[in-house]
Structure formats: C-alpha cells, structure tokens
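With mmCIF, C-alpha atoms and all ligand atoms inside, this is protein-v4.cif:
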```cif
data_my_file
loop_
_atom_site.label_atom_id
_atom_site.label_comp_id
_atom_site.auth_asym_id
_atom_site.auth_seq_id
_atom_site.Cartn_x
_atom_site.Cartn_y
_atom_site.Cartn_z
CA MET E 22 0.00 0.00 0.00
CA ASP E 23 1.46 3.39 -0.92
CA GLU E 24 1.47 6.48 1.29
CA PHE E 25 -1.75 7.86 -0.18
CA LYS E 26 -3.74 4.65 0.18
CA PHE E 27 -2.37 4.36 3.69
CA ILE E 28 -3.61 7.86 4.60
CA ASP E 29 -6.98 7.03 3.10
CA SER E 30 -7.15 3.85 5.17
CA ILE E 31 -6.62 5.66 8.47
CA LYS E 32 -8.86 8.64 7.70
CA GLN E 33 -12.01 8.95 9.82
CA ASN E 34 -15.26 8.82 7.85
CA THR E 35 -17.06 11.08 10.27
CA TYR E 36 -15.83 13.55 12.90
CA LYS E 37 -17.05 14.00 16.46
CA GLN E 38 -15.85 17.49 17.40
CA PRO E 39 -18.33 20.23 16.46
CA SER E 40 -15.64 22.94 16.07
CA LEU E 41 -13.90 21.15 13.15
CA LEU E 42 -14.17 22.83 9.74
CA LYS E 43 -11.55 20.78 7.81
CA GLY E 44 -9.89 17.52 8.91
CA ILE E 45 -7.70 15.19 6.81
CA GLY E 46 -7.54 15.98 3.08
CA ASP E 47 -6.16 19.49 2.59
CA ASP E 48 -2.85 21.24 3.33
CA ALA E 49 -3.82 21.76 6.97
CA ALA E 50 -6.72 21.25 9.35
CA VAL E 51 -9.03 24.06 10.45
CA PHE E 52 -11.15 24.38 13.57
CA ARG E 53 -12.94 27.40 14.99
CA GLN E 54 -12.59 28.53 18.56
CA ASN E 55 -14.54 31.32 20.22
CA TYR E 56 -14.70 31.20 23.97
CA GLN E 57 -12.09 28.82 25.40
CA ASP E 58 -8.29 28.78 25.45
CA VAL E 59 -6.50 26.33 23.11
CA VAL E 60 -4.01 23.95 24.79
CA THR E 61 -1.49 22.01 22.69
CA ALA E 62 1.45 19.65 23.27
CA VAL E 63 3.55 17.14 21.36
CA ASP E 64 5.09 13.89 22.56
CA THR E 65 7.16 11.47 20.52
CA PHE E 66 7.54 7.72 20.83
CA VAL E 67 10.69 6.06 19.45
CA GLU E 68 11.30 2.34 18.98
CA ASN E 69 13.86 1.04 21.51
CA VAL E 70 13.60 4.22 23.61
CA HIS E 71 9.92 4.25 24.61
CA PHE E 72 9.04 0.73 23.60
CA SER E 73 10.46 -2.37 21.99
CA ARG E 74 8.74 -5.17 20.15
CA LYS E 75 9.28 -7.20 23.31
CA THR E 76 7.45 -4.75 25.57
CA MET E 77 4.58 -3.70 23.32
CA ASP E 78 2.29 -5.05 20.62
CA PRO E 79 1.52 -2.51 17.87
CA TYR E 80 -1.91 -1.88 19.42
CA HIS E 81 -0.26 -0.88 22.75
CA ILE E 82 2.17 1.47 20.98
CA GLY E 83 -0.71 3.43 19.48
CA TYR E 84 -2.75 3.39 22.66
CA ARG E 85 0.08 4.49 24.89
CA VAL E 86 1.52 7.28 22.77
CA LEU E 87 -1.89 8.92 22.60
CA ALA E 88 -2.49 8.24 26.32
CA ALA E 89 0.78 10.06 27.11
CA ASN E 90 -0.40 13.09 25.15
CA ILE E 91 -3.88 13.01 26.70
CA SER E 92 -2.17 12.91 30.09
CA ASP E 93 -0.52 16.26 29.30
CA MET E 94 -3.99 17.67 28.61
CA ALA E 95 -5.16 16.33 32.00
CA ALA E 96 -2.14 18.00 33.62
CA MET E 97 -3.29 21.32 32.16
CA GLY E 98 -6.90 20.81 33.28
CA ALA E 99 -7.88 20.71 29.59
CA THR E 100 -10.30 18.57 27.59
CA PRO E 101 -8.58 16.83 24.65
CA ALA E 102 -10.29 17.28 21.27
CA TYR E 103 -7.95 16.74 18.29
CA TYR E 104 -4.69 14.96 17.45
CA MET E 105 -2.24 14.90 14.56
CA ILE E 106 0.14 11.99 13.91
CA SER E 107 3.59 12.15 12.38
CA ILE E 108 4.86 8.64 11.68
CA VAL E 109 8.20 7.32 10.41
CA ILE E 110 7.66 3.81 9.05
CA PRO E 111 10.52 1.34 8.56
CA GLU E 112 10.38 -1.28 5.76
CA ASN E 113 9.99 -4.18 8.16
CA TRP E 114 6.66 -3.07 9.65
CA SER E 115 3.74 -4.84 7.97
CA GLU E 116 0.48 -3.26 6.82
CA SER E 117 -1.45 -5.08 9.51
CA GLU E 118 0.93 -3.98 12.28
CA LEU E 119 0.50 -0.36 11.19
CA GLN E 120 -3.26 -0.72 11.20
CA GLN E 121 -3.04 -2.11 14.73
CA ILE E 122 -1.09 0.97 15.89
CA TYR E 123 -3.93 3.11 14.55
CA GLN E 124 -6.53 0.83 16.16
CA GLY E 125 -4.84 1.38 19.55
CA MET E 126 -4.95 5.15 19.06
CA ASP E 127 -8.52 4.98 17.81
CA ARG E 128 -9.59 3.05 20.91
CA ILE E 129 -8.44 5.65 23.40
CA ALA E 130 -9.41 8.56 21.08
CA SER E 131 -13.00 7.25 21.06
CA THR E 132 -13.10 7.25 24.86
CA TYR E 133 -12.41 10.99 24.79
CA LYS E 134 -14.40 11.78 21.61
CA MET E 135 -11.20 12.95 19.93
CA ASP E 136 -10.73 13.34 16.19
CA LEU E 137 -7.63 12.59 14.10
CA ILE E 138 -7.33 15.68 11.90
CA GLY E 139 -4.00 15.27 10.14
CA GLY E 140 -0.40 14.16 10.20
CA ASP E 141 2.55 13.14 8.07
CA THR E 142 3.86 9.82 6.72
CA VAL E 143 7.50 9.12 5.83
CA GLY E 144 9.77 6.10 5.51
CA GLY E 145 12.83 5.68 7.76
CA SER E 146 14.94 3.23 9.71
CA GLU E 147 13.11 3.09 13.06
CA LEU E 148 9.47 3.41 14.00
CA VAL E 149 8.78 6.89 15.39
CA VAL E 150 5.29 8.07 16.29
CA SER E 151 4.92 11.72 17.19
CA ILE E 152 1.55 13.09 18.26
CA THR E 153 0.45 16.69 18.45
CA ILE E 154 -2.58 17.04 20.66
CA ILE E 155 -5.01 19.94 20.87
CA GLY E 156 -7.50 20.54 23.66
CA PHE E 157 -9.57 23.29 25.20
CA VAL E 158 -9.88 24.81 28.63
CA ASP E 159 -12.12 27.52 30.05
CA LYS E 160 -10.38 30.87 30.32
CA GLN E 161 -8.37 31.28 33.56
CA LYS E 162 -8.63 27.53 34.24
CA ALA E 163 -5.42 26.16 32.69
CA ARG E 164 -3.39 24.55 35.50
CA TYR E 165 0.25 25.66 35.55
CA ARG E 166 3.26 24.18 37.34
CA SER E 167 4.27 27.61 38.61
CA THR E 168 1.28 28.29 40.87
CA MET E 169 2.09 26.40 44.10
CA GLN E 170 2.07 28.39 47.32
CA ASP E 171 3.59 28.04 50.76
CA GLY E 172 1.41 25.75 52.92
CA ASP E 173 -0.23 23.82 50.04
CA VAL E 174 -1.16 20.16 50.39
CA LEU E 175 0.74 17.96 47.91
CA PHE E 176 -1.26 15.07 46.46
CA VAL E 177 -1.00 12.31 43.87
CA THR E 178 -3.63 10.20 42.08
CA GLY E 179 -3.58 6.39 41.77
CA THR E 180 -0.56 4.33 42.80
CA LEU E 181 3.10 4.88 41.94
CA GLY E 182 5.66 2.57 40.40
CA ASP E 183 3.23 0.17 38.72
CA ALA E 184 4.23 0.98 35.13
CA ALA E 185 7.95 0.74 35.89
CA ALA E 186 7.37 -2.63 37.59
CA GLY E 187 5.42 -3.76 34.51
CA LEU E 188 8.26 -2.67 32.24
CA HIS E 189 10.76 -4.46 34.48
CA LEU E 190 8.76 -7.69 34.16
CA LEU E 191 8.41 -7.32 30.39
CA THR E 192 12.15 -6.84 29.93
CA SER E 193 13.13 -9.68 32.28
CA ASP E 194 13.16 -13.23 30.97
CA LYS E 195 10.68 -14.55 33.51
CA ASN E 196 7.67 -15.37 31.33
CA ASP E 197 5.73 -17.01 34.16
CA LEU E 198 5.97 -13.77 36.15
CA VAL E 199 4.56 -11.81 33.21
CA GLN E 200 1.46 -14.03 33.19
CA ASP E 201 0.85 -13.48 36.92
CA ASN E 202 1.14 -9.73 36.63
CA ASN E 203 -1.39 -8.57 34.08
CA TYR E 204 -2.27 -5.62 36.28
CA LEU E 205 1.28 -4.21 36.28
CA ILE E 206 1.81 -5.00 32.59
CA ASP E 207 -1.42 -3.22 31.65
CA ARG E 208 -0.41 -0.22 33.71
CA HIS E 209 2.64 0.03 31.48
CA ARG E 210 0.94 -0.70 28.17
CA LEU E 211 -2.51 0.83 28.59
CA PRO E 212 -2.23 3.76 31.00
CA THR E 213 -5.28 5.79 32.07
CA PRO E 214 -4.85 9.55 31.88
CA ARG E 215 -6.65 11.38 34.71
CA VAL E 216 -8.72 13.75 32.58
CA ALA E 217 -12.02 13.40 34.45
CA PHE E 218 -10.39 14.00 37.82
CA ALA E 219 -8.61 17.17 36.62
CA GLN E 220 -11.88 18.42 35.13
CA ALA E 221 -13.69 17.75 38.39
CA LEU E 222 -11.31 20.26 40.03
CA SER E 223 -12.40 23.01 37.63
CA THR E 224 -14.45 24.89 40.24
CA LEU E 225 -11.34 25.44 42.37
CA GLU E 226 -9.61 28.79 42.07
CA ARG E 227 -6.03 27.51 42.22
CA VAL E 228 -4.76 23.99 41.50
CA THR E 229 -1.21 23.12 40.46
CA LEU E 230 -0.84 19.98 38.33
CA ASN E 231 1.86 17.95 36.57
CA ASP E 232 1.57 14.47 35.09
CA ILE E 233 4.00 11.70 35.98
CA SER E 234 5.81 10.65 32.82
CA ASP E 235 9.30 10.68 34.36
CA GLY E 236 8.84 9.60 38.00
CA ILE E 237 7.59 11.58 40.99
CA ALA E 238 11.09 12.74 42.01
CA ASN E 239 11.49 14.47 38.67
CA GLU E 240 7.92 15.80 38.41
CA ALA E 241 7.98 17.17 41.99
CA SER E 242 11.26 18.88 41.16
CA GLU E 243 9.65 20.47 38.07
CA LEU E 244 6.87 21.82 40.31
CA ALA E 245 9.32 23.12 42.94
CA THR E 246 11.47 24.83 40.29
CA ALA E 247 8.55 26.37 38.39
CA SER E 248 7.00 27.71 41.62
CA ASN E 249 10.33 28.61 43.23
CA LEU E 250 9.36 26.78 46.43
CA THR E 251 10.35 23.67 48.37
CA VAL E 252 8.43 20.41 48.14
CA GLN E 253 8.46 17.92 50.98
CA LEU E 254 7.47 14.30 50.29
CA TYR E 255 6.89 11.50 52.82
CA TYR E 256 8.15 8.20 51.44
CA GLU E 257 5.78 6.16 53.61
CA LYS E 258 2.78 8.09 52.25
CA LEU E 259 3.45 7.27 48.57
CA PRO E 260 0.52 5.11 47.38
CA LYS E 261 1.56 1.56 46.61
CA HIS E 262 -0.42 -1.17 44.84
CA PRO E 263 -0.28 -4.56 46.66
CA LYS E 264 1.22 -6.11 43.50
CA LEU E 265 4.36 -4.00 43.98
CA LYS E 266 5.18 -5.80 47.22
CA GLN E 267 6.52 -8.88 45.41
CA PHE E 268 9.70 -6.86 44.65
CA SER E 269 12.58 -6.07 47.03
CA SER E 270 12.25 -2.86 49.04
CA GLU E 271 15.07 -1.28 46.97
CA GLN E 272 13.22 -2.11 43.74
CA GLN E 273 9.93 -0.79 45.12
CA ARG E 274 11.66 2.44 46.10
CA ALA E 275 13.25 2.86 42.66
CA PHE E 276 9.98 2.10 40.84
CA GLN E 277 7.98 4.51 43.01
CA LEU E 278 10.36 7.47 43.05
CA PHE E 279 12.10 7.28 39.68
CA GLY E 280 10.10 4.82 37.54
CA GLY E 281 7.76 7.08 35.63
CA GLU E 282 5.16 6.38 32.95
CA ASP E 283 2.35 5.92 35.47
CA PHE E 284 0.64 8.99 33.97
CA GLU E 285 -0.85 9.85 37.34
CA LEU E 286 -1.22 13.48 38.38
CA VAL E 287 0.82 15.13 41.12
CA GLY E 288 -0.26 18.54 42.33
CA SER E 289 -1.08 20.92 45.11
CA VAL E 290 -4.01 22.93 46.47
CA PRO E 291 -4.48 25.27 49.42
CA GLN E 292 -5.29 23.38 52.64
CA LYS E 293 -8.84 24.80 52.61
CA ASP E 294 -9.59 23.06 49.30
CA TRP E 295 -8.33 19.60 50.27
CA ASP E 296 -11.88 18.37 51.03
CA SER E 297 -13.00 19.41 47.53
CA VAL E 298 -10.10 17.43 46.05
CA LEU E 299 -11.22 14.36 48.03
CA GLN E 300 -14.75 14.81 46.68
CA ALA E 301 -13.53 15.21 43.08
CA ALA E 302 -11.55 11.99 43.45
CA LYS E 303 -14.57 10.17 44.84
CA LYS E 304 -16.84 11.46 42.07
CA THR E 305 -14.43 10.29 39.36
CA ALA E 306 -13.49 7.01 41.13
CA VAL E 307 -9.83 7.93 41.34
CA LYS E 308 -7.63 7.05 44.29
CA ILE E 309 -6.09 10.14 45.88
CA SER E 310 -3.35 10.44 48.50
CA GLU E 311 -1.89 13.32 50.44
CA ILE E 312 1.86 12.76 50.12
CA GLY E 313 3.47 15.91 51.45
CA ASN E 314 3.39 19.68 51.47
CA VAL E 315 4.79 22.82 49.91
CA LEU E 316 6.84 25.32 51.89
CA TYR E 317 8.98 28.36 51.53
CA GLU E 318 12.53 27.92 52.79
CA PRO E 319 14.87 30.88 52.27
CA ASN E 320 17.81 28.59 51.44
CA GLY E 321 15.98 25.53 50.19
CA SER E 322 14.06 26.89 47.23
CA ASN E 323 13.52 24.63 44.22
CA ASN E 324 14.46 21.55 46.25
CA VAL E 325 12.54 18.36 46.85
CA PHE E 326 13.06 16.80 50.29
CA LEU E 327 12.17 13.20 51.04
CA ILE E 328 11.29 12.24 54.59
CA GLU E 329 12.03 8.55 54.98
CA ASN E 330 12.20 6.61 58.28
CA GLY E 331 11.88 9.97 60.06
CA LYS E 332 15.00 11.34 58.31
CA LYS E 333 14.90 14.23 55.85
CA HIS E 334 17.23 14.43 52.85
CA VAL E 335 17.35 16.10 49.44
CA LEU E 336 15.76 13.88 46.79
CA GLU E 337 17.78 13.70 43.59
CA LYS E 338 15.78 14.11 40.38
CA GLY E 339 16.44 10.62 39.04
CA GLY E 340 14.02 9.59 36.32
CA TYR E 341 14.70 9.10 32.66
CA THR E 342 16.92 11.63 30.90
CA HIS E 343 17.38 11.69 27.13
CA ARG E 344 20.82 12.71 25.82
CA SER E 345 22.47 13.28 29.20
N1 LIG E 401 12.70 20.21 21.16
C1 LIG E 401 11.88 21.07 21.79
N2 LIG E 401 11.59 22.25 21.22
C2 LIG E 401 10.76 23.13 21.84
N3 LIG E 401 10.19 22.91 23.01
C3 LIG E 401 10.42 21.75 23.65
C4 LIG E 401 11.28 20.76 23.06
N4 LIG E 401 11.32 19.71 23.91
C5 LIG E 401 10.54 20.03 24.96
N5 LIG E 401 9.97 21.24 24.81
C6 LIG E 401 9.09 21.95 25.75
O1 LIG E 401 9.66 21.86 27.05
C7 LIG E 401 8.65 21.69 28.06
C8 LIG E 401 8.90 20.43 28.88
O2 LIG E 401 8.85 19.29 28.03
P1 LIG E 401 8.70 17.81 28.60
O3 LIG E 401 9.66 17.62 29.72
O4 LIG E 401 8.77 16.88 27.45
O5 LIG E 401 7.24 17.86 29.19
P2 LIG E 401 6.34 16.59 29.53
O6 LIG E 401 7.14 15.76 30.49
O7 LIG E 401 5.09 17.16 30.13
O8 LIG E 401 6.07 15.89 28.22
C9 LIG E 401 7.32 21.73 27.32
O9 LIG E 401 6.84 23.05 27.32
C10 LIG E 401 7.71 21.31 25.91
O10 LIG E 401 6.80 21.82 24.94
C1 LIG E 402 11.92 -0.43 25.88
C2 LIG E 402 11.80 0.68 26.92
N1 LIG E 402 12.91 1.09 27.58
C3 LIG E 402 12.81 2.07 28.50
C4 LIG E 402 11.61 2.64 28.82
C5 LIG E 402 11.52 3.67 29.93
N2 LIG E 402 11.34 5.04 29.51
C6 LIG E 402 11.55 5.47 28.26
S1 LIG E 402 11.22 7.13 28.09
C7 LIG E 402 10.82 7.28 29.73
C8 LIG E 402 10.44 8.60 30.36
C9 LIG E 402 9.32 9.34 29.70
O1 LIG E 402 9.62 9.68 28.37
P1 LIG E 402 9.78 11.14 27.81
O2 LIG E 402 10.05 11.08 26.37
O3 LIG E 402 10.74 11.92 28.66
O4 LIG E 402 8.31 11.66 28.06
P2 LIG E 402 7.84 13.11 28.49
O5 LIG E 402 8.50 13.41 29.79
O6 LIG E 402 8.24 14.02 27.39
O7 LIG E 402 6.34 12.96 28.61
C10 LIG E 402 10.95 6.05 30.38
C11 LIG E 402 10.69 5.84 31.83
C12 LIG E 402 10.48 2.18 28.09
N3 LIG E 402 9.24 2.69 28.28
N4 LIG E 402 10.60 1.19 27.16
MG MG E 403 7.27 15.66 26.53
MG MG E 404 3.70 16.25 31.13
MG MG E 405 10.54 13.92 29.65
#
```
Target encoding structure tokens, full file:
Amino acid sequence: MDEFKFIDSIKQNTYKQPSLLKGIGDDAAVFRQNYQDVVTAVDTFVENVHFSRKTMDPYHIGYRVLAANISDMAAMGATPAYYMISIVIPENWSESELQQIYQGMDRIASTYKMDLIGGDTVGGSELVVSITIIGFVDKQKARYRSTMQDGDVLFVTGTLGDAAAGLHLLTSDKNDLVQDNNYLIDRHRLPTPRVAFAQALSTLERVTLNDISDGIANEASELATASNLTVQLYYEKLPKHPKLKQFSSEQQRAFQLFGGEDFELVGSVPQKDWDSVLQAAKKTAVKISEIGNVLYEPNGSNNVFLIENGKKHVLEKGGYTHRS
C-alpha cells in the first residue's frame, strides 16, 4: 500500500468534534474557537527508547503514545479534542501492524471523543510516532506548574511505580511472572490519563498539576522549580499497589520514586480546598493520597526533600533523561 492509500485507510469517515471545519484531506486542518483557550502539546515515541517489540504489541504502541499526550492535557486541566500523527515507518513493519497501531490510538481517542485531523507519513529506519494534541480549557482555568504556594497540600492520584514494575517484568526473561502480573503489565501498556479528575477540580480557584511521565522525584522537582518553592514528600505516604510488594524494598523504592510512565497526576491545592479534592476523586473514582506539602525555605528553594524513616534528605531528580 502506498502512502496515499495508507492515509486514506486511516482517515475517519465522520468527525465528532463540532468545532472542526476541515480535517484530513487538505494542506492543513481548520477548527474554529470562540470562547475557550487552546491547549497544545507534542510527545514522541521512538522504537527502543519508549518501547520495543518485546514490551509492546503494535496496538499498545498506538494506545500508549496517545495516552501520554492526553495525560498532558489532563495535567493542564484541559479537555482533549484533536490529534495529529507524524509517523516514520521502517520497511519491516507490515500493513497489519501499522493498522493495529492506529486501532490502539482509535480506541483511546474514542473514549475521549477525539478526532484525528492530520499528520505526516514518511519512511525511515526506526518506528517513530509523534503526536500533536489539541484541547480546550475555560479561560483562567489552565493549570500551571508555577502556581504552588507556601502551605499547600501535595497530592498524587492512583498508585506509583506500577508501570515501571510492569516494564521491568516485560524486559526480564521470567515469562511465568509476566502471566501473573497482568495488572502491572497493563499499567505500562494501557495507562489511564486522569482527565475526568482534573476536570472535576475546575471549580477550584487555584490547582497546580503535573503528570507523571518521568517519575515523581522528577515531576515534583519540576513543580518546585517552576514555583520557586520547596516540596516535601513523605516516602511512607506514597501510594503503593499490593502487586508491587513482590519486589525487594530497593526495587519498590526505585519504581515509586524514579520509575515514571504511570501517567498519574501530582499537584497541590491550598489546605482549605483539600476536602474538595477528596470529593472530586470520589466522584471520578480515582484514588487520591496526600503525600506531602509545599513550603517556603529561604535557602531551600527549588528543592525536593524526602522524609524517609523519620529522616529528611534532598531527593535527587532521578528519572529518565534523554541525551544526558
Ligand atoms: N525540542 C523542543 N523544542 C521546543 N520545546 C520543547 C522541546 N522539547 C521540549 N519542549 C518543551 O519543554 C517543556 C517540557 O517538556 P517535557 O519535559 O517533554 O514535558 P512533559 O514531560 O510534560 O512531556 C514543554 O513546554 C515542551 O513543549
Ligand atoms: C523499551 C523501553 N525502555 C525504557 C523505557 C523507559 N522510559 C523510556 S522514556 C521514559 C520517560 C518518559 O519519556 P519522555 O520522552 O521523557 O516523556 P515526556 O516526559 O516528554 O512525557 C521512560 C521511563 C520504556 N518505556 N521502554
Ligand atoms: Mg514531553
Ligand atoms: Mg507532562
Ligand atoms: Mg521527559
């Protein structure tokens, strides 16, 4: 199938978003926006960096790359609406494998009523999928990393370390363990972005949010730096799924602090709004945990401290760094 037939095969027949004027089929897409702010991000997925054929089926690749982008919309408090795909296709990927990638994306796009409105197709030596996502948020309601304040409650959704544990199992040679751990594997392959929870916070005046793609140590550091404040985390308060307890305590610690790819949300609110956060979590059936607090320290700004066994120390960023 040539490039043009391929594009035709992945083109939607109908669109769901009412603001779309032109989708696939011209030089660019057009949508009309009157009252809300437009929120956009791009995330790229590269074979043997973000996935390998051993860790993901083509369906999972599509699902997860779009999930990662939707998670950035959740972290902004936005509602995802459109996406554009740029794909580099190597010779050795079959037609059916490519269709499965698109089926994975289509699955999660349908959940959020998102439309595919364009992209680009080229040949190359490694599979690369890059997605540009576009969403909307009510004016004054985008959630920035820079808005934390002294005295805020620090919270996180879901449980931490699951996706890293799943990846660890998928890259080990213990096939029997993989079968016993569908939960952890699915957390790696089919993550759930916390869009509904972030939207349920929309009535609150001030909420700071960041999504966990690179591990809580790194994401908390991004929040501390952007807000020019200190973040204090309690190790014992980090939410842990029972399935994580099969690993050594060192492994659990590494997965939870530095693992990443859980696509949970970490954030902060003023103490007075903590009850509303609990209610939003309940309403959207999301687990929520208070894991620390935000403070102003004249000499400790931009730092993350971890309190572990009653002892406080600076938490290094850790996480995954490209091109160090
Ligand atoms: N190559 C690049 N060119 C321009 N902006 C970039 C580039 N890479 C990252 N950014 C920007 O830097 C910021 C942080 O990016 P990143 O760490 O990838 O965020 P996230 O973890 O939420 O995906 C974002 O505003 C992103 O748009
Ligand atoms: C085969 C394989 N090896 C390693 C990883 C782990 N990994 C790759 S990238 C990454 C961090 C997140 O990726 P990045 O591109 O930094 O996402 P962003 O922060 O931009 O959302 C992690 C933990 C993986 N998912 N798959
Ligand atoms: Mg990114
Ligand atoms: Mg992000
Ligand atoms: Mg990153």
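Of the listed residues E:Lys303, E:Arg164, E:Arg208, E:His343, the one whose atoms come nearest to ligand LIG 402 (chain E) is E:His343, with distances taken using all atoms listed in the file.
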Distance table requested - chain E against ligand MG 404 (chain E), cut-off 8 Å, all atoms listed in the file: one row per qualifying residue with the closest atom pair and its distance in Å to one decimal, ordered by chain and rising residue number, as a Markdown table.
```
| residue | atom | partner | partner_atom | distance |
| --- | --- | --- | --- | --- |
| E:Ala89 | CA | E:MG404 | MG | 7.9 |
| E:Asn90 | CA | E:MG404 | MG | 7.9 |
| E:Ser92 | CA | E:MG404 | MG | 6.8 |
| E:Asp93 | CA | E:MG404 | MG | 4.6 |
| E:Ala96 | CA | E:MG404 | MG | 6.6 |
| E:Asn231 | CA | E:MG404 | MG | 6.0 |
| E:Asp232 | CA | E:MG404 | MG | 4.8 |
| E:Ile233 | CA | E:MG404 | MG | 6.7 |
| E:Ser234 | CA | E:MG404 | MG | 6.2 |
```
If you count only C-alpha atoms, which residues fall within 10 Å of E:Tyr341, apart from same-chain ones fewer than 5 positions away, as a PDB file with C-alpha atoms, in the coordinates of the input?
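Saved file out-v2.pdb follows:
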```
ATOM      1  CA  SER E 234       5.810  10.650  32.820  1.00  0.00           C
ATOM      2  CA  ASP E 235       9.300  10.680  34.360  1.00  0.00           C
ATOM      3  CA  GLY E 236       8.840   9.600  38.000  1.00  0.00           C
ATOM      4  CA  ASN E 239      11.490  14.470  38.670  1.00  0.00           C
ATOM      5  CA  PHE E 279      12.100   7.280  39.680  1.00  0.00           C
ATOM      6  CA  GLY E 280      10.100   4.820  37.540  1.00  0.00           C
ATOM      7  CA  GLY E 281       7.760   7.080  35.630  1.00  0.00           C
ATOM      8  CA  GLU E 282       5.160   6.380  32.950  1.00  0.00           C
TER       9      GLU E 282
END
```
Hey, can I get the axis-aligned box for ligand LIG 401 (chain E)? All listed atoms, 3 Å padding on each side, centre and edge lengths in Å to one decimal, as JSON.
```
{"center_x": 8.9, "center_y": 19.4, "center_z": 25.8, "size_x": 13.6, "size_y": 13.4, "size_z": 15.3}
```
Proximity to ligand LIG 402 (chain E) - best of E:Gln200, E:Asn69, E:Gln170, E:Thr229, only C-alpha atoms and all ligand atoms
E:Asn69
Residues proximal to (-11.7, 20.8, 23.2) were defined as those with any atom within 10 Å of that point in the file's coordinates, counting only C-alpha atoms. Which are they, as a VMD selection string?
chain E and resid 38 to 40 54 57 to 60 94 99 to 103 133 to 135 155 to 159
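The neighbours of E:Ile106 here are the residues that come within 7 Å of it, using all atoms listed in the file and leaving out any residue fewer than 2 positions away in the same chain; they are E:Tyr104, E:Ile108, E:Gly139, E:Gly140, E:Asp141, E:Val150, E:Ser151, E:Ile152, E:Thr153.
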Please compute the atom O5 of ligand LIG 401 (chain E)-atom CA of E:Arg166 distance, one decimal, in Å.
11.1 Å
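Nearest to ligand LIG 402 (chain E) of all the residues E:Ser115, E:Ser248, E:Ser193, E:Ser146 is E:Ser193, counting only C-alpha atoms and all ligand atoms.
Counting from atom CA of E:Val290, the distance to atom CA of E:Lys160 is 19.1 Å.
Taking atom C2 of ligand LIG 401 (chain E) as the reference point, atom CA of E:Thr65 is found at 12.3 Å.
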List as a PyMOL selection string the protein and nucleic acid residues near E:Asp294, meaning an atom at most 10 Å away when all atoms listed in the file are counted, but skip any in the same chain fewer than 3 places from it.
chain E and resi 173-174+222+225-228+289-291+297-299
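All protein and nucleic acid residues in the vicinity of (-14.3, 7.2, 11.6), that is within 12 Å when counting only C-alpha atoms, are E:Asp29, E:Ser30, E:Ile31, E:Lys32, E:Gln33, E:Asn34, E:Thr35, E:Tyr36, E:Lys37, E:Gln38, E:Gly44, E:Ile45, E:Tyr123, E:Gln124, E:Asp127, E:Arg128, E:Ala130, E:Ser131, E:Lys134, E:Met135, E:Asp136, E:Leu137, E:Ile138.
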Residues within 8 Å of ligand MG 403 (chain E) (all atoms listed in the file), as a PDB file with C-alpha atoms, keeping the file's coordinate frame?
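Just written: selection12.pdb:
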```
ATOM      1  CA  ALA E  62       1.450  19.650  23.270  1.00  0.00           C
ATOM      2  CA  VAL E  63       3.550  17.140  21.360  1.00  0.00           C
ATOM      3  CA  ASP E  64       5.090  13.890  22.560  1.00  0.00           C
ATOM      4  CA  THR E  65       7.160  11.470  20.520  1.00  0.00           C
TER       5      THR E  65
END
```
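Distances from E:Tyr165, E:Tyr204, E:Tyr80, E:Phe276 to ligand LIG 402 (chain E) were compared using all atoms listed in the file, and the smallest one belongs to E:Phe276.
Each of E:Gln253, E:Gln277, E:Asn323, E:Thr224 was compared to ligand LIG 402 (chain E) using all atoms listed in the file, and E:Gln277 turns out to be the nearest.
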